[in-house]
file query.txt (compact mmCIF, N, CA and C atoms)
# COMPACT_ATOMS: atom_id res chain seq x y z
N MET A 905 19.06 57.33 5.37
CA MET A 905 17.85 56.78 5.96
C MET A 905 16.77 56.75 4.89
N ALA A 906 15.96 55.72 4.90
CA ALA A 906 14.90 55.56 3.91
C ALA A 906 13.77 56.53 4.18
N LYS A 907 13.13 56.97 3.09
CA LYS A 907 11.98 57.86 3.21
C LYS A 907 10.72 57.02 3.19
N GLY A 908 9.77 57.32 4.07
CA GLY A 908 8.54 56.54 4.13
C GLY A 908 7.36 57.29 3.53
N LYS A 909 6.44 56.53 2.93
CA LYS A 909 5.22 57.11 2.39
C LYS A 909 4.05 56.36 3.03
N LYS A 910 3.06 57.08 3.43
CA LYS A 910 1.88 56.47 4.03
C LYS A 910 0.95 56.01 2.91
N ARG A 911 0.58 54.75 2.93
CA ARG A 911 -0.37 54.22 1.95
C ARG A 911 -1.36 53.36 2.74
N GLY A 912 -2.57 53.80 2.84
CA GLY A 912 -3.55 53.06 3.63
C GLY A 912 -3.08 53.00 5.06
N ASP A 913 -3.12 51.80 5.64
CA ASP A 913 -2.67 51.61 7.02
C ASP A 913 -1.19 51.26 7.11
N ALA A 914 -0.54 51.05 5.96
CA ALA A 914 0.85 50.61 5.98
C ALA A 914 1.78 51.76 5.61
N LEU A 915 2.96 51.72 6.13
CA LEU A 915 3.98 52.69 5.80
C LEU A 915 4.96 51.98 4.87
N GLU A 916 5.11 52.48 3.64
CA GLU A 916 6.02 51.87 2.68
C GLU A 916 7.29 52.70 2.61
N PHE A 917 8.42 52.04 2.43
CA PHE A 917 9.70 52.71 2.37
C PHE A 917 10.30 52.60 0.99
N ASP A 918 10.85 53.72 0.55
CA ASP A 918 11.59 53.74 -0.70
C ASP A 918 13.05 53.72 -0.32
N ASP A 919 13.72 52.57 -0.57
CA ASP A 919 15.11 52.46 -0.14
C ASP A 919 16.09 52.87 -1.23
N GLY A 920 15.60 53.63 -2.18
CA GLY A 920 16.49 54.11 -3.25
C GLY A 920 17.00 52.94 -4.07
N PRO A 921 18.25 53.03 -4.54
CA PRO A 921 18.76 51.94 -5.38
C PRO A 921 18.85 50.64 -4.60
N GLY A 922 19.23 50.67 -3.34
CA GLY A 922 19.26 49.51 -2.47
C GLY A 922 19.74 48.22 -3.12
N LEU A 923 19.38 47.10 -2.50
CA LEU A 923 19.76 45.80 -3.02
C LEU A 923 18.76 45.28 -4.03
N GLY A 924 17.56 45.81 -4.04
CA GLY A 924 16.57 45.36 -5.01
C GLY A 924 16.21 43.90 -4.84
N LEU A 925 16.05 43.46 -3.60
CA LEU A 925 15.80 42.04 -3.37
C LEU A 925 14.42 41.58 -3.81
N ASP A 926 13.53 42.53 -4.07
CA ASP A 926 12.18 42.13 -4.42
C ASP A 926 11.89 42.30 -5.91
N ASP A 927 12.91 42.56 -6.72
CA ASP A 927 12.64 42.81 -8.13
C ASP A 927 12.77 41.56 -9.00
N GLY A 928 12.92 40.41 -8.39
CA GLY A 928 12.98 39.17 -9.16
C GLY A 928 14.37 38.85 -9.68
N GLY A 929 15.34 39.72 -9.47
CA GLY A 929 16.66 39.45 -10.02
C GLY A 929 17.75 39.45 -8.98
N GLY A 930 17.39 39.53 -7.72
CA GLY A 930 18.39 39.61 -6.67
C GLY A 930 18.62 38.27 -5.99
N LEU A 931 18.87 38.35 -4.70
CA LEU A 931 19.20 37.17 -3.93
C LEU A 931 18.12 36.10 -3.94
N PHE A 932 16.87 36.53 -3.98
CA PHE A 932 15.79 35.57 -3.82
C PHE A 932 15.08 35.26 -5.13
N ALA A 933 15.76 35.45 -6.23
CA ALA A 933 15.15 35.15 -7.52
C ALA A 933 14.86 33.65 -7.59
N ASP A 934 13.69 33.30 -8.08
CA ASP A 934 13.29 31.90 -8.18
C ASP A 934 13.92 31.31 -9.43
N GLU A 935 14.99 30.54 -9.24
CA GLU A 935 15.69 29.96 -10.36
C GLU A 935 15.25 28.52 -10.64
N ASN A 936 14.41 27.99 -9.79
CA ASN A 936 13.97 26.61 -9.97
C ASN A 936 12.55 26.57 -10.52
N PRO A 937 12.31 25.64 -11.42
CA PRO A 937 10.95 25.52 -11.94
C PRO A 937 10.01 24.99 -10.86
N ASP A 938 8.73 25.12 -11.09
CA ASP A 938 7.73 24.63 -10.15
C ASP A 938 7.89 23.12 -10.00
N PRO A 939 8.24 22.63 -8.79
CA PRO A 939 8.48 21.20 -8.62
C PRO A 939 7.22 20.36 -8.73
N ILE A 940 6.08 20.97 -8.55
CA ILE A 940 4.82 20.22 -8.62
C ILE A 940 4.36 20.10 -10.07
N GLY A 941 4.57 21.15 -10.84
CA GLY A 941 4.17 21.13 -12.24
C GLY A 941 2.68 21.31 -12.40
N PRO A 942 2.20 21.18 -13.62
CA PRO A 942 0.76 21.35 -13.84
C PRO A 942 -0.02 20.20 -13.20
N ILE A 943 -1.17 20.54 -12.64
CA ILE A 943 -2.02 19.54 -11.98
C ILE A 943 -3.34 19.49 -12.73
N ASP A 944 -3.80 18.30 -13.02
CA ASP A 944 -5.09 18.11 -13.68
C ASP A 944 -6.16 17.98 -12.59
N TYR A 945 -6.84 19.08 -12.31
CA TYR A 945 -7.86 19.10 -11.26
C TYR A 945 -9.19 18.58 -11.80
N PRO A 946 -9.82 17.64 -11.08
CA PRO A 946 -11.10 17.10 -11.54
C PRO A 946 -12.27 18.06 -11.32
N GLY A 947 -12.13 19.04 -10.43
CA GLY A 947 -13.18 20.02 -10.25
C GLY A 947 -14.04 19.85 -9.01
N THR A 948 -13.73 18.87 -8.19
CA THR A 948 -14.44 18.71 -6.92
C THR A 948 -13.46 18.99 -5.79
N ALA A 949 -13.98 19.38 -4.64
CA ALA A 949 -13.10 19.68 -3.51
C ALA A 949 -12.24 18.47 -3.15
N ASP A 950 -12.89 17.29 -3.02
CA ASP A 950 -12.13 16.08 -2.69
C ASP A 950 -11.11 15.75 -3.78
N GLY A 951 -11.54 15.80 -5.01
CA GLY A 951 -10.67 15.45 -6.13
C GLY A 951 -9.51 16.43 -6.28
N ASP A 952 -9.81 17.73 -6.13
CA ASP A 952 -8.76 18.73 -6.25
C ASP A 952 -7.74 18.58 -5.13
N THR A 953 -8.23 18.31 -3.91
CA THR A 953 -7.33 18.11 -2.77
C THR A 953 -6.45 16.89 -2.99
N ARG A 954 -7.05 15.80 -3.42
CA ARG A 954 -6.28 14.56 -3.66
C ARG A 954 -5.25 14.80 -4.76
N ALA A 955 -5.65 15.49 -5.84
CA ALA A 955 -4.72 15.75 -6.94
C ALA A 955 -3.54 16.60 -6.46
N THR A 956 -3.81 17.60 -5.63
CA THR A 956 -2.75 18.45 -5.10
C THR A 956 -1.82 17.65 -4.20
N LEU A 957 -2.40 16.87 -3.28
CA LEU A 957 -1.57 16.07 -2.37
C LEU A 957 -0.76 15.03 -3.13
N ASP A 958 -1.33 14.41 -4.15
CA ASP A 958 -0.58 13.44 -4.96
C ASP A 958 0.59 14.12 -5.66
N ALA A 959 0.35 15.31 -6.20
CA ALA A 959 1.41 16.04 -6.90
C ALA A 959 2.52 16.45 -5.93
N VAL A 960 2.14 16.93 -4.74
CA VAL A 960 3.13 17.32 -3.74
C VAL A 960 3.92 16.10 -3.28
N GLY A 961 3.24 14.99 -3.03
CA GLY A 961 3.92 13.76 -2.61
C GLY A 961 4.91 13.28 -3.67
N LYS A 962 4.50 13.32 -4.92
CA LYS A 962 5.40 12.93 -6.02
C LYS A 962 6.60 13.86 -6.10
N ALA A 963 6.36 15.16 -5.92
CA ALA A 963 7.47 16.13 -5.97
C ALA A 963 8.48 15.85 -4.86
N PHE A 964 8.00 15.54 -3.65
CA PHE A 964 8.91 15.22 -2.54
C PHE A 964 9.71 13.95 -2.85
N LYS A 965 9.04 12.93 -3.38
CA LYS A 965 9.74 11.68 -3.71
C LYS A 965 10.78 11.91 -4.80
N ASP A 966 10.41 12.68 -5.83
CA ASP A 966 11.34 12.96 -6.91
C ASP A 966 12.55 13.73 -6.39
N ARG A 967 12.31 14.71 -5.51
CA ARG A 967 13.41 15.51 -4.96
C ARG A 967 14.31 14.66 -4.07
N ALA A 968 13.71 13.76 -3.28
CA ALA A 968 14.50 12.88 -2.42
C ALA A 968 15.37 11.96 -3.26
N ARG A 969 14.83 11.44 -4.36
CA ARG A 969 15.59 10.57 -5.25
C ARG A 969 16.76 11.36 -5.87
N ALA A 970 16.48 12.57 -6.34
CA ALA A 970 17.53 13.40 -6.94
C ALA A 970 18.61 13.73 -5.91
N GLU A 971 18.21 14.00 -4.68
CA GLU A 971 19.18 14.32 -3.62
C GLU A 971 20.04 13.12 -3.30
N ARG A 972 19.47 11.91 -3.28
CA ARG A 972 20.27 10.70 -3.04
C ARG A 972 21.32 10.54 -4.14
N GLU A 973 20.93 10.77 -5.38
CA GLU A 973 21.87 10.64 -6.51
C GLU A 973 22.94 11.72 -6.42
N ARG A 974 22.55 12.96 -6.08
CA ARG A 974 23.52 14.04 -5.95
C ARG A 974 24.50 13.75 -4.83
N PHE A 975 24.00 13.28 -3.69
CA PHE A 975 24.86 12.98 -2.55
C PHE A 975 25.85 11.87 -2.89
N LYS A 976 25.37 10.85 -3.58
CA LYS A 976 26.25 9.74 -3.96
C LYS A 976 27.39 10.24 -4.85
N ALA A 977 27.04 11.08 -5.83
CA ALA A 977 28.07 11.62 -6.72
C ALA A 977 29.02 12.56 -5.98
N ALA A 978 28.49 13.36 -5.05
CA ALA A 978 29.31 14.34 -4.34
C ALA A 978 30.23 13.70 -3.32
N THR A 979 29.88 12.54 -2.79
CA THR A 979 30.69 11.92 -1.75
C THR A 979 31.46 10.70 -2.22
N ASP A 980 31.37 10.38 -3.50
CA ASP A 980 32.13 9.25 -4.03
C ASP A 980 33.61 9.61 -4.03
N SER A 981 34.40 8.89 -3.26
CA SER A 981 35.82 9.21 -3.17
C SER A 981 36.68 8.29 -4.03
N GLU A 982 36.07 7.48 -4.84
CA GLU A 982 36.83 6.53 -5.64
C GLU A 982 37.15 7.06 -7.03
N TYR A 983 37.37 8.36 -7.16
CA TYR A 983 37.69 8.95 -8.44
C TYR A 983 39.15 9.38 -8.53
N TRP A 984 39.97 8.96 -7.60
CA TRP A 984 41.36 9.37 -7.60
C TRP A 984 42.26 8.18 -7.30
N CYS A 985 43.53 8.34 -7.59
CA CYS A 985 44.52 7.31 -7.26
C CYS A 985 45.81 8.01 -6.83
N ALA A 986 46.75 7.28 -6.27
CA ALA A 986 48.00 7.88 -5.82
C ALA A 986 49.16 6.99 -6.20
N PHE A 987 50.25 7.61 -6.60
CA PHE A 987 51.51 6.92 -6.82
C PHE A 987 52.40 7.30 -5.64
N VAL A 988 53.03 6.35 -5.03
CA VAL A 988 53.88 6.64 -3.87
C VAL A 988 55.29 6.14 -4.17
N PHE A 989 56.26 6.99 -3.89
CA PHE A 989 57.67 6.65 -4.11
C PHE A 989 58.40 6.78 -2.79
N GLU A 990 59.62 6.32 -2.77
CA GLU A 990 60.41 6.39 -1.54
C GLU A 990 61.08 7.75 -1.35
N THR A 991 61.33 8.46 -2.44
CA THR A 991 61.98 9.77 -2.34
C THR A 991 61.36 10.73 -3.35
N ARG A 992 61.59 12.02 -3.10
CA ARG A 992 61.15 13.05 -4.04
C ARG A 992 61.83 12.86 -5.40
N GLU A 993 63.13 12.50 -5.37
CA GLU A 993 63.87 12.32 -6.61
C GLU A 993 63.25 11.22 -7.46
N GLN A 994 62.79 10.12 -6.84
CA GLN A 994 62.14 9.04 -7.57
C GLN A 994 60.83 9.53 -8.21
N LYS A 995 60.07 10.28 -7.43
CA LYS A 995 58.81 10.81 -7.95
C LYS A 995 59.06 11.71 -9.16
N GLU A 996 60.03 12.62 -9.04
CA GLU A 996 60.30 13.54 -10.13
C GLU A 996 60.89 12.84 -11.34
N ALA A 997 61.69 11.81 -11.12
CA ALA A 997 62.23 11.03 -12.24
C ALA A 997 61.09 10.33 -12.98
N PHE A 998 60.15 9.80 -12.23
CA PHE A 998 58.99 9.13 -12.85
C PHE A 998 58.16 10.13 -13.67
N LEU A 999 57.83 11.27 -13.07
CA LEU A 999 57.03 12.27 -13.78
C LEU A 999 57.75 12.80 -15.02
N ARG A 1000 59.08 12.97 -14.90
CA ARG A 1000 59.87 13.43 -16.04
C ARG A 1000 59.85 12.38 -17.15
N ALA A 1001 60.06 11.12 -16.81
CA ALA A 1001 60.08 10.03 -17.80
C ALA A 1001 58.72 9.89 -18.50
N MET A 1002 57.64 10.11 -17.74
CA MET A 1002 56.29 10.01 -18.32
C MET A 1002 55.90 11.29 -19.05
N LYS A 1003 56.74 12.34 -18.93
CA LYS A 1003 56.45 13.66 -19.50
C LYS A 1003 55.16 14.24 -18.90
N TRP A 1004 55.01 14.04 -17.59
CA TRP A 1004 53.83 14.52 -16.88
C TRP A 1004 54.14 15.70 -15.97
N LEU A 1005 55.38 16.12 -15.86
CA LEU A 1005 55.72 17.24 -14.97
C LEU A 1005 54.97 18.51 -15.34
N LYS A 1006 54.64 18.67 -16.62
CA LYS A 1006 53.91 19.89 -17.02
C LYS A 1006 52.51 19.94 -16.42
N PHE A 1007 52.04 18.81 -15.90
CA PHE A 1007 50.71 18.76 -15.26
C PHE A 1007 50.79 19.01 -13.76
N GLY A 1008 52.00 19.17 -13.24
CA GLY A 1008 52.19 19.40 -11.81
C GLY A 1008 53.07 18.32 -11.22
N ASP A 1009 53.31 18.43 -9.91
CA ASP A 1009 54.13 17.39 -9.27
C ASP A 1009 53.47 16.79 -8.04
N LYS A 1010 52.26 17.20 -7.75
CA LYS A 1010 51.53 16.61 -6.61
C LYS A 1010 50.13 16.17 -7.02
N HIS A 1011 49.32 17.12 -7.42
CA HIS A 1011 47.93 16.84 -7.79
C HIS A 1011 47.80 17.06 -9.28
N LEU A 1012 47.69 15.97 -10.01
CA LEU A 1012 47.66 16.03 -11.47
C LEU A 1012 46.25 15.77 -11.97
N ASP A 1013 45.87 16.47 -13.01
CA ASP A 1013 44.55 16.31 -13.61
C ASP A 1013 44.56 15.04 -14.46
N GLY A 1014 43.87 14.02 -13.99
CA GLY A 1014 43.84 12.74 -14.70
C GLY A 1014 43.24 12.84 -16.09
N CYS A 1015 42.25 13.70 -16.26
CA CYS A 1015 41.63 13.87 -17.58
C CYS A 1015 42.63 14.50 -18.55
N ALA A 1016 43.42 15.47 -18.07
CA ALA A 1016 44.42 16.11 -18.92
C ALA A 1016 45.50 15.10 -19.31
N ILE A 1017 45.92 14.28 -18.36
CA ILE A 1017 46.96 13.29 -18.67
C ILE A 1017 46.41 12.25 -19.63
N ALA A 1018 45.16 11.82 -19.44
CA ALA A 1018 44.56 10.84 -20.36
C ALA A 1018 44.53 11.42 -21.78
N GLY A 1019 44.16 12.69 -21.91
CA GLY A 1019 44.17 13.32 -23.23
C GLY A 1019 45.58 13.37 -23.81
N HIS A 1020 46.56 13.69 -22.98
CA HIS A 1020 47.96 13.74 -23.39
C HIS A 1020 48.42 12.37 -23.89
N GLU A 1021 47.95 11.33 -23.23
CA GLU A 1021 48.35 9.96 -23.58
C GLU A 1021 47.46 9.35 -24.67
N GLY A 1022 46.47 10.10 -25.14
CA GLY A 1022 45.59 9.58 -26.20
C GLY A 1022 44.58 8.56 -25.70
N ILE A 1023 44.27 8.63 -24.42
CA ILE A 1023 43.33 7.68 -23.82
C ILE A 1023 41.94 8.32 -23.79
N ALA A 1024 40.97 7.64 -24.39
CA ALA A 1024 39.59 8.13 -24.39
C ALA A 1024 38.91 7.69 -23.10
N LEU A 1025 38.42 8.65 -22.34
CA LEU A 1025 37.72 8.35 -21.09
C LEU A 1025 36.21 8.38 -21.32
N PRO A 1026 35.45 7.61 -20.55
CA PRO A 1026 33.99 7.71 -20.67
C PRO A 1026 33.53 9.10 -20.22
N PRO A 1027 32.43 9.58 -20.78
CA PRO A 1027 31.95 10.90 -20.38
C PRO A 1027 31.52 10.92 -18.92
N ALA A 1028 31.63 12.08 -18.31
CA ALA A 1028 31.25 12.24 -16.90
C ALA A 1028 30.07 13.20 -16.82
N ALA A 1029 29.04 12.80 -16.11
CA ALA A 1029 27.89 13.68 -15.88
C ALA A 1029 27.96 14.17 -14.44
N VAL A 1030 28.94 15.04 -14.18
CA VAL A 1030 29.16 15.57 -12.83
C VAL A 1030 28.41 16.89 -12.71
N PRO A 1031 27.48 16.98 -11.77
CA PRO A 1031 26.68 18.21 -11.64
C PRO A 1031 27.42 19.31 -10.90
N TYR A 1032 28.39 19.93 -11.58
CA TYR A 1032 29.11 21.04 -10.97
C TYR A 1032 28.16 22.21 -10.79
N VAL A 1033 28.33 22.91 -9.71
CA VAL A 1033 27.52 24.10 -9.46
C VAL A 1033 28.27 25.29 -10.02
N ALA A 1034 27.70 25.91 -11.02
CA ALA A 1034 28.34 27.07 -11.63
C ALA A 1034 28.21 28.28 -10.70
N ALA A 1035 29.20 29.12 -10.73
CA ALA A 1035 29.15 30.35 -9.93
C ALA A 1035 28.04 31.24 -10.46
N LYS A 1036 27.27 31.82 -9.56
CA LYS A 1036 26.19 32.72 -9.94
C LYS A 1036 26.31 34.01 -9.15
N PRO A 1037 27.30 34.83 -9.54
CA PRO A 1037 27.47 36.08 -8.77
C PRO A 1037 26.27 36.99 -8.96
N ASP A 1038 25.88 37.65 -7.90
CA ASP A 1038 24.78 38.61 -7.95
C ASP A 1038 25.38 39.97 -8.26
N ARG A 1039 25.03 40.55 -9.40
CA ARG A 1039 25.61 41.83 -9.83
C ARG A 1039 25.38 42.93 -8.80
N LYS A 1040 24.21 42.94 -8.18
CA LYS A 1040 23.91 44.01 -7.24
C LYS A 1040 24.76 43.90 -5.98
N LEU A 1041 24.92 42.68 -5.47
CA LEU A 1041 25.78 42.51 -4.29
C LEU A 1041 27.24 42.75 -4.65
N ASP A 1042 27.64 42.34 -5.84
CA ASP A 1042 29.02 42.55 -6.27
C ASP A 1042 29.32 44.05 -6.38
N ALA A 1043 28.34 44.82 -6.81
CA ALA A 1043 28.55 46.26 -6.98
C ALA A 1043 28.78 46.96 -5.65
N ILE A 1044 28.24 46.44 -4.55
CA ILE A 1044 28.40 47.10 -3.26
C ILE A 1044 29.48 46.46 -2.40
N SER A 1045 30.10 45.39 -2.89
CA SER A 1045 31.12 44.72 -2.09
C SER A 1045 32.47 45.39 -2.24
N LEU A 1046 33.30 45.19 -1.25
CA LEU A 1046 34.65 45.74 -1.28
C LEU A 1046 35.55 44.78 -2.05
N PRO A 1047 36.55 45.30 -2.74
CA PRO A 1047 37.47 44.41 -3.47
C PRO A 1047 38.34 43.63 -2.49
N LEU A 1048 38.76 42.46 -2.92
CA LEU A 1048 39.68 41.66 -2.11
C LEU A 1048 41.07 42.28 -2.17
N GLU A 1049 41.81 42.16 -1.09
CA GLU A 1049 43.19 42.65 -1.07
C GLU A 1049 43.98 41.91 -2.15
N GLY A 1050 44.66 42.67 -2.99
CA GLY A 1050 45.49 42.04 -4.02
C GLY A 1050 44.70 41.37 -5.11
N GLY A 1051 43.38 41.61 -5.16
CA GLY A 1051 42.54 40.98 -6.17
C GLY A 1051 42.81 41.54 -7.55
N ASP A 1052 42.42 40.79 -8.55
CA ASP A 1052 42.66 41.23 -9.93
C ASP A 1052 41.34 41.58 -10.61
N ASP A 1053 40.38 42.09 -9.82
CA ASP A 1053 39.08 42.40 -10.40
C ASP A 1053 39.02 43.81 -10.98
N GLY A 1054 40.14 44.52 -11.01
CA GLY A 1054 40.22 45.82 -11.64
C GLY A 1054 39.66 46.97 -10.81
N ARG A 1055 39.28 46.71 -9.56
CA ARG A 1055 38.75 47.79 -8.71
C ARG A 1055 39.80 48.31 -7.79

call {"tool": "encode", "arguments": {"input": "query.txt", "output": "structure tokens"}}
result
Amino acid sequence: MAKGKKRGDALEFDDGPGLGLDDGGGLFADENPDPIGPIDYPGTADGDTRATLDAVGKAFKDRARAERERFKAATDSEYWCAFVFETREQKEAFLRAMKWLKFGDKHLDGCAIAGHEGIALPPAAVPYVAAKPDRKLDAISLPLEGGDDGR
């Protein structure tokens, strides 16, 4: 149980090592820059208000535009193709003849095959979301059954 200390009218709790959610490095760490950015305030109430509202409006429009582009990239299903054969033996004979069996027999990495075949592909600007494990939450979590995380 947490120990409380009286400070003024509020009771503050020391939760020991806890999750540390308020130290700037936990779950709620602000990883995004200020979407509004610096604002050039003219120095009058009307001017400052207008400058703030203009900056907020621009930030919303910019974010909406970025979200439309992200959604289009995330939902584009025209990045794959399929080869269909009449039998498994035909499929495997084809993959063997192309020397593609080492890439799998169902879902093959097209970029790996293109490299194998010496085909230069145009660059891709795909916004993959990198894993961002939280060290503090990882430290208190239970290991997965059969996991290889060494715990």

call {"tool": "residues_near_point", "arguments": {"input": "query.txt", "point": "(27.3, 16.2, -10.5)", "cutoff": "8 Å", "atoms": "all atoms listed in the file", "output": "list in words"}}
result
Glu973, Arg974, Ala977, Ala978, Ala1028, Ala1029, Val1030, Pro1031, Tyr1032 and Val1033 of chain A

call {"tool": "residues_around", "arguments": {"input": "query.txt", "residues": "range 980-987 of chain A", "least_positions_apart": "5", "cutoff": "9 Å", "atoms": "only C-alpha atoms", "output": "PyMOL selection string"}}
result
chain A and resi 975+995+1014

call {"tool": "atom_distance", "arguments": {"input": "query.txt", "atom1": "CA of Ile943 in chain A", "atom2": "atom N of Ala963 in chain A"}}
result
11.2 Å

call {"tool": "select_by_dssp", "arguments": {"input": "query.txt", "residues": "range 990-1027 of chain A", "states": "alpha helix (DSSP H)", "output": "count of residues only"}}
result
18

call {"tool": "atom_distance", "arguments": {"input": "query.txt", "atom1": "CA of Leu1048 in chain A", "atom2": "CA of His1011 in chain A"}}
result
26.8 Å

call {"tool": "decode", "arguments": {"input": "query.txt", "residues": "range 1034-1051 of chain A", "atoms": "N, CA and C atoms", "output": "mmCIF file, in the first residue's frame"}}
result
data_model
loop_
_atom_site.group_PDB
_atom_site.id
_atom_site.type_symbol
_atom_site.label_atom_id
_atom_site.label_comp_id
_atom_site.auth_asym_id
_atom_site.auth_seq_id
_atom_site.Cartn_x
_atom_site.Cartn_y
_atom_site.Cartn_z
ATOM 1 N N ALA A 1034 7.599 1.412 -35.753
ATOM 2 C CA ALA A 1034 8.604 0.628 -35.037
ATOM 3 C C ALA A 1034 8.082 0.284 -33.644
ATOM 4 N N ALA A 1035 8.463 -0.868 -33.164
ATOM 5 C CA ALA A 1035 8.078 -1.268 -31.810
ATOM 6 C C ALA A 1035 8.749 -0.338 -30.808
ATOM 7 N N LYS A 1036 7.991 0.088 -29.814
ATOM 8 C CA LYS A 1036 8.516 0.961 -28.775
ATOM 9 C C LYS A 1036 8.179 0.378 -27.415
ATOM 10 N N PRO A 1037 8.896 -0.697 -27.047
ATOM 11 C CA PRO A 1037 8.572 -1.301 -25.751
ATOM 12 C C PRO A 1037 8.904 -0.354 -24.608
ATOM 13 N N ASP A 1038 8.072 -0.346 -23.608
ATOM 14 C CA ASP A 1038 8.298 0.474 -22.423
ATOM 15 C C ASP A 1038 9.067 -0.379 -21.425
ATOM 16 N N ARG A 1039 10.287 0.025 -21.094
ATOM 17 C CA ARG A 1039 11.147 -0.766 -20.208
ATOM 18 C C ARG A 1039 10.490 -1.012 -18.858
ATOM 19 N N LYS A 1040 9.785 -0.019 -18.339
ATOM 20 C CA LYS A 1040 9.192 -0.167 -17.012
ATOM 21 C C LYS A 1040 8.052 -1.181 -17.027
ATOM 22 N N LEU A 1041 7.212 -1.128 -18.063
ATOM 23 C CA LEU A 1041 6.132 -2.115 -18.148
ATOM 24 C C LEU A 1041 6.695 -3.499 -18.453
ATOM 25 N N ASP A 1042 7.736 -3.564 -19.267
ATOM 26 C CA ASP A 1042 8.356 -4.846 -19.586
ATOM 27 C C ASP A 1042 8.945 -5.486 -18.331
ATOM 28 N N ALA A 1043 9.487 -4.665 -17.449
ATOM 29 C CA ALA A 1043 10.109 -5.185 -16.232
ATOM 30 C C ALA A 1043 9.092 -5.830 -15.298
ATOM 31 N N ILE A 1044 7.840 -5.384 -15.325
ATOM 32 C CA ILE A 1044 6.837 -5.942 -14.421
ATOM 33 C C ILE A 1044 5.938 -6.969 -15.097
ATOM 34 N N SER A 1045 6.136 -7.199 -16.393
ATOM 35 C CA SER A 1045 5.273 -8.146 -17.094
ATOM 36 C C SER A 1045 5.769 -9.574 -16.906
ATOM 37 N N LEU A 1046 4.858 -10.498 -17.071
ATOM 38 C CA LEU A 1046 5.190 -11.909 -16.964
ATOM 39 C C LEU A 1046 5.716 -12.389 -18.315
ATOM 40 N N PRO A 1047 6.631 -13.339 -18.312
ATOM 41 C CA PRO A 1047 7.142 -13.860 -19.589
ATOM 42 C C PRO A 1047 6.069 -14.676 -20.299
ATOM 43 N N LEU A 1048 6.152 -14.703 -21.615
ATOM 44 C CA LEU A 1048 5.242 -15.526 -22.403
ATOM 45 C C LEU A 1048 5.629 -16.991 -22.247
ATOM 46 N N GLU A 1049 4.649 -17.863 -22.292
ATOM 47 C CA GLU A 1049 4.922 -19.301 -22.236
ATOM 48 C C GLU A 1049 5.799 -19.678 -23.434
ATOM 49 N N GLY A 1050 6.893 -20.353 -23.160
ATOM 50 C CA GLY A 1050 7.767 -20.800 -24.253
ATOM 51 C C GLY A 1050 8.506 -19.680 -24.930
ATOM 52 N N GLY A 1051 8.493 -18.474 -24.334
ATOM 53 C CA GLY A 1051 9.166 -17.333 -24.945
ATOM 54 C C GLY A 1051 10.672 -17.479 -24.873
#
